[in-house]
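**Q** Can you read through this structure? Questions will come right after.
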Amino acid sequence: MALLASAQFAVCFTSCKASSEKPVASETVSPTVDSVSADSVSAEARPAVKAQVSKSDRALVESMLAKAASQKKSTAGEWMLYFGKQLAGIPYIGGTLDRGSEEELIVNLHELDCTTYVEQVAALTMCAQKGETSFDDFCEHLRHIRYINGDIEYAKRQHYFTAWIDDNVKEGIVTDIQGPNPPFSAVQTVNVNWMTTHQSSYKMLSAHPEWVAGIRELEQSVNGRKWRYIPKDKIYNTALMRQTIKDGDIIVILTNKKGLDTTHIGMASWHADGLHLLNASAIHKKVIDEPMTLRTYMSKHPVQIGIRVCRMK
């Protein structure tokens with residue numbers, strides 16, 4: 001069994017199969033310049049960013065965005081569920097961001113773990129909200145969702161999901177839901193060090209010991225900080241919960257495992273019997289709308305203590 005490459009999921013284990021389709025050689029896409037509006041910069045003038053992507057993944061992104069152009073959705077959450085459900089059945093494969101020797105923007109919609117699933121659905125959602133249909137636009141959003149300030153570097157990838165939320169709030173991509181109380185009746189004080197104390201578990205980090213200082217800085221950027229969360233035994237099927245958590249919200253499952261902050265993520269999916277999790281599941285080995293309610297699912301995992309919630313803008 002292999003340890004998943006992202007720190008926030010280090011407590012999850014999976015047998016990672018070889019990719020059924022090898023990516024083509026890295027191609028260049030041209031996201032917009034951060035400091036200049038997209039409308040004022042021609043595609044030729046945009047800074048080139050390498051993206052590792054197969055022809056079928058590029059075609060899938062473009063096809064999904066083209067179909068979305070004819071859809072009418074009023075909220076980001078509706079778009080998140082719309083795109084998320086289109087990927088149902090895609091195999092769960094961990095470690096797809098860490099197969100190479102150098103950091104690149106990886107686009108892979110045919111092999112998903114819980115992070116890459118949510119990130120790429122979020123990028124599709126941002127495109128749909130803006131009426132964008134190009135692969136370049138998708139990559140531009142994805143690099144900002146996945147990396148601090150959109151800088152494609154290993155130490156800037158948001159390996160800890162606490163850092164992911166923090167940076168995406170700063171970039172105006174998500175809102176961190178911290179109330180009301182109840183149900184946000186508990187507080188997590190973050191203290192992460194899993195990556196710097198388990199370097200051998202990370203292929204790229206082991207190959208580049210010079211990156212450890214950057215990872216330690218990432219850990220220190222969130223350590224000691226406090227955020228409110230909903231305890232798992234308070235996840236009820238009530239009017240208050242339905243008002244607090246909306247369909248398509250990003251659900252972040254917290255852990256009490258030493259050195260970690262979170263253990264799994266997915267999207268809120270309300271059913272008649274309560275809140276469920278639309279997610280890339282290591283248990284089911286595919287993207288699935290979990291048949292169990294989230295409360296029941298979490299009751300089976302002692303290390304899971306509750307959830308944080310963030311919402312695409």
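For the structure tokens, the naming scheme is as follows: chains receive sequential letters (A, B, ...) according to their order of presentation, residues are indexed from 1 within each chain, and ligands are indexed from 1 in presentation order.
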So which residues touch A:Gly172 within 10 Å, counting only C-alpha atoms, skipping near sequence neighbours fewer than 4 positions away, as a list of chain:residue names?

**A**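 Skipping anything fewer than 4 positions along the chain leaves A:Asp167, A:Asn168, A:Met312, A:Lys313.
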
**Q** Include C-alpha atoms and write out the residues we just selected as an mmCIF file, in the first residue's frame.

**A**
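part-v5.cif was written with the following content:
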```cif
data_model
loop_
_atom_site.group_PDB
_atom_site.id
_atom_site.type_symbol
_atom_site.label_atom_id
_atom_site.label_comp_id
_atom_site.auth_asym_id
_atom_site.auth_seq_id
_atom_site.Cartn_x
_atom_site.Cartn_y
_atom_site.Cartn_z
ATOM 1 C CA ASP A 167 -4.994 31.122 0.183
ATOM 2 C CA ASN A 168 -8.201 30.647 -1.803
ATOM 3 C CA MET A 312 -17.093 28.918 -4.079
ATOM 4 C CA LYS A 313 -17.837 32.574 -4.824
#
```

**Q** Find the residues near A:Ala207: any atom within 12 Å, counting only C-alpha atoms, skip ones fewer than 5 places away on the same chain, and give them as a list of chain:residue names.

**A** A:Asp98, A:Arg99, A:Gly100, A:Ser101, A:Glu102, A:Glu103, A:Tyr154, A:Gln199, A:Ser200, A:Ser201, A:Tyr202, A:Val212

**Q** Could the residues in this selection be saved with all heavy atoms as an mmCIF file, in the first residue's frame?

**A**
```cif
data_model
loop_
_atom_site.group_PDB
_atom_site.id
_atom_site.type_symbol
_atom_site.label_atom_id
_atom_site.label_comp_id
_atom_site.auth_asym_id
_atom_site.auth_seq_id
_atom_site.Cartn_x
_atom_site.Cartn_y
_atom_site.Cartn_z
ATOM 1 N N ASP A 98 2.426 13.789 -8.412
ATOM 2 C CA ASP A 98 3.795 13.559 -7.949
ATOM 3 C C ASP A 98 4.529 12.482 -8.736
ATOM 4 O O ASP A 98 5.446 11.855 -8.233
ATOM 5 C CB ASP A 98 3.765 13.186 -6.460
ATOM 6 C CG ASP A 98 3.231 14.315 -5.606
ATOM 7 O OD1 ASP A 98 1.999 14.393 -5.429
ATOM 8 O OD2 ASP A 98 4.034 15.141 -5.148
ATOM 9 N N ARG A 99 4.132 12.289 -9.982
ATOM 10 C CA ARG A 99 4.785 11.261 -10.787
ATOM 11 C C ARG A 99 6.072 11.761 -11.433
ATOM 12 O O ARG A 99 6.945 10.962 -11.773
ATOM 13 C CB ARG A 99 3.827 10.771 -11.871
ATOM 14 C CG ARG A 99 2.663 9.962 -11.329
ATOM 15 C CD ARG A 99 1.624 9.679 -12.396
ATOM 16 N NE ARG A 99 0.579 8.776 -11.910
ATOM 17 C CZ ARG A 99 -0.562 8.558 -12.538
ATOM 18 N NH1 ARG A 99 -0.809 9.158 -13.698
ATOM 19 N NH2 ARG A 99 -1.456 7.734 -12.018
ATOM 20 N N GLY A 100 6.185 13.050 -11.633
ATOM 21 C CA GLY A 100 7.356 13.603 -12.311
ATOM 22 C C GLY A 100 8.467 13.950 -11.343
ATOM 23 O O GLY A 100 8.405 13.671 -10.147
ATOM 24 N N SER A 101 9.494 14.584 -11.865
ATOM 25 C CA SER A 101 10.632 14.997 -11.033
ATOM 26 C C SER A 101 10.600 16.485 -10.735
ATOM 27 O O SER A 101 11.250 16.948 -9.792
ATOM 28 C CB SER A 101 11.945 14.638 -11.736
ATOM 29 O OG SER A 101 12.027 15.273 -13.011
ATOM 30 N N GLU A 102 9.856 17.245 -11.538
ATOM 31 C CA GLU A 102 9.728 18.684 -11.338
ATOM 32 C C GLU A 102 8.248 19.052 -11.305
ATOM 33 O O GLU A 102 7.405 18.365 -11.880
ATOM 34 C CB GLU A 102 10.434 19.453 -12.468
ATOM 35 C CG GLU A 102 11.928 19.196 -12.567
ATOM 36 C CD GLU A 102 12.722 19.715 -11.384
ATOM 37 O OE1 GLU A 102 12.241 20.662 -10.724
ATOM 38 O OE2 GLU A 102 13.816 19.173 -11.110
ATOM 39 N N GLU A 103 7.957 20.150 -10.633
ATOM 40 C CA GLU A 103 6.563 20.571 -10.493
ATOM 41 C C GLU A 103 6.020 21.140 -11.798
ATOM 42 O O GLU A 103 6.661 21.978 -12.440
ATOM 43 C CB GLU A 103 6.439 21.631 -9.392
ATOM 44 C CG GLU A 103 5.018 21.932 -8.965
ATOM 45 C CD GLU A 103 4.364 20.807 -8.177
ATOM 46 O OE1 GLU A 103 5.072 19.859 -7.746
ATOM 47 O OE2 GLU A 103 3.134 20.865 -7.987
ATOM 48 N N TYR A 154 6.628 23.388 -6.066
ATOM 49 C CA TYR A 154 6.241 22.332 -5.136
ATOM 50 C C TYR A 154 5.880 22.894 -3.765
ATOM 51 O O TYR A 154 4.864 22.504 -3.173
ATOM 52 C CB TYR A 154 7.378 21.316 -5.004
ATOM 53 C CG TYR A 154 7.031 20.114 -4.149
ATOM 54 C CD1 TYR A 154 6.359 19.023 -4.690
ATOM 55 C CD2 TYR A 154 7.389 20.063 -2.800
ATOM 56 C CE1 TYR A 154 6.041 17.914 -3.920
ATOM 57 C CE2 TYR A 154 7.082 18.961 -2.015
ATOM 58 C CZ TYR A 154 6.410 17.889 -2.577
ATOM 59 O OH TYR A 154 6.086 16.802 -1.795
ATOM 60 N N GLN A 199 9.422 12.891 5.349
ATOM 61 C CA GLN A 199 9.900 13.284 4.024
ATOM 62 C C GLN A 199 10.035 12.095 3.080
ATOM 63 O O GLN A 199 9.796 12.219 1.876
ATOM 64 C CB GLN A 199 11.244 13.999 4.153
ATOM 65 C CG GLN A 199 11.167 15.319 4.906
ATOM 66 C CD GLN A 199 12.545 15.901 5.181
ATOM 67 O OE1 GLN A 199 13.479 15.718 4.402
ATOM 68 N NE2 GLN A 199 12.687 16.586 6.311
ATOM 69 N N SER A 200 10.397 10.938 3.615
ATOM 70 C CA SER A 200 10.622 9.769 2.761
ATOM 71 C C SER A 200 9.329 9.264 2.121
ATOM 72 O O SER A 200 9.374 8.483 1.172
ATOM 73 C CB SER A 200 11.267 8.637 3.567
ATOM 74 O OG SER A 200 10.407 8.223 4.626
ATOM 75 N N SER A 201 8.177 9.706 2.635
ATOM 76 C CA SER A 201 6.890 9.294 2.067
ATOM 77 C C SER A 201 6.526 10.074 0.811
ATOM 78 O O SER A 201 5.536 9.749 0.155
ATOM 79 C CB SER A 201 5.777 9.479 3.110
ATOM 80 O OG SER A 201 6.006 8.673 4.238
ATOM 81 N N TYR A 202 7.316 11.080 0.482
ATOM 82 C CA TYR A 202 6.999 11.986 -0.623
ATOM 83 C C TYR A 202 8.108 11.917 -1.672
ATOM 84 O O TYR A 202 9.227 12.386 -1.444
ATOM 85 C CB TYR A 202 6.819 13.416 -0.102
ATOM 86 C CG TYR A 202 5.680 13.516 0.881
ATOM 87 C CD1 TYR A 202 5.890 13.297 2.232
ATOM 88 C CD2 TYR A 202 4.383 13.772 0.448
ATOM 89 C CE1 TYR A 202 4.842 13.333 3.140
ATOM 90 C CE2 TYR A 202 3.336 13.819 1.340
ATOM 91 C CZ TYR A 202 3.567 13.597 2.683
ATOM 92 O OH TYR A 202 2.524 13.627 3.567
ATOM 93 N N VAL A 212 12.535 21.292 1.409
ATOM 94 C CA VAL A 212 11.982 21.059 2.751
ATOM 95 C C VAL A 212 11.757 22.377 3.492
ATOM 96 O O VAL A 212 10.752 22.546 4.189
ATOM 97 C CB VAL A 212 12.908 20.129 3.567
ATOM 98 C CG1 VAL A 212 12.420 20.028 5.019
ATOM 99 C CG2 VAL A 212 12.962 18.745 2.930
#
```

**Q** Based on DSSP run over this structure's backbone, return all residues of stretch 135-292 of chain A in alpha helix (DSSP H), as a VMD selection string.

**A** chain A and resid 135 to 146 161 to 170 194 to 197 203 to 207 212 to 222 239 to 244

**Q** Residues within 8 Å of A:Arg143, please, as a VMD selection string. Count only C-alpha atoms; anything in the same chain fewer than 6 positions from it doesn't count.

**A** chain A and resid 105 150 to 152

**Q** Please, could you write that set of residues out with N, CA, C and O atoms as a short mmCIF file (atom, residue, chain, number, x, y, z; two decimals), in the first residue's frame?

**A**
```cif
data_model
loop_
_atom_site.label_atom_id
_atom_site.label_comp_id
_atom_site.auth_asym_id
_atom_site.auth_seq_id
_atom_site.Cartn_x
_atom_site.Cartn_y
_atom_site.Cartn_z
N LEU A 105 1.94 22.00 -13.78
CA LEU A 105 0.49 22.03 -13.63
C LEU A 105 -0.07 20.76 -14.27
O LEU A 105 0.01 20.60 -15.48
N GLY A 150 -0.79 31.37 -7.29
CA GLY A 150 -0.72 30.84 -8.65
C GLY A 150 0.69 30.48 -9.09
O GLY A 150 0.90 30.21 -10.28
N ASP A 151 1.65 30.44 -8.16
CA ASP A 151 3.05 30.12 -8.49
C ASP A 151 3.24 28.61 -8.53
O ASP A 151 3.09 27.94 -7.50
N ILE A 152 3.58 28.07 -9.68
CA ILE A 152 3.69 26.63 -9.86
C ILE A 152 5.04 26.15 -9.34
O ILE A 152 6.02 26.03 -10.09
#
```

**Q** Tell me, as a PyMOL selection string, which residues lie within 12 Å of A:Gln243, counting only C-alpha atoms; anything in the same chain fewer than 6 positions away does not count.

**A** chain A and resi 177+179-180+182-183+236-237+249+270+275

**Q** To one decimal in Å, tell me the separation between atom CA of A:Gly266 and atom CA of A:Gly214.

**A** 27.1 Å

**Q** With only C-alpha atoms as the counted atoms, please give the residues lying no more than 10 Å from A:Val303, apart from itself and same-chain residues fewer than 5 positions off, as a VMD selection string.

**A** chain A and resid 11 253 to 258 262 to 263 298
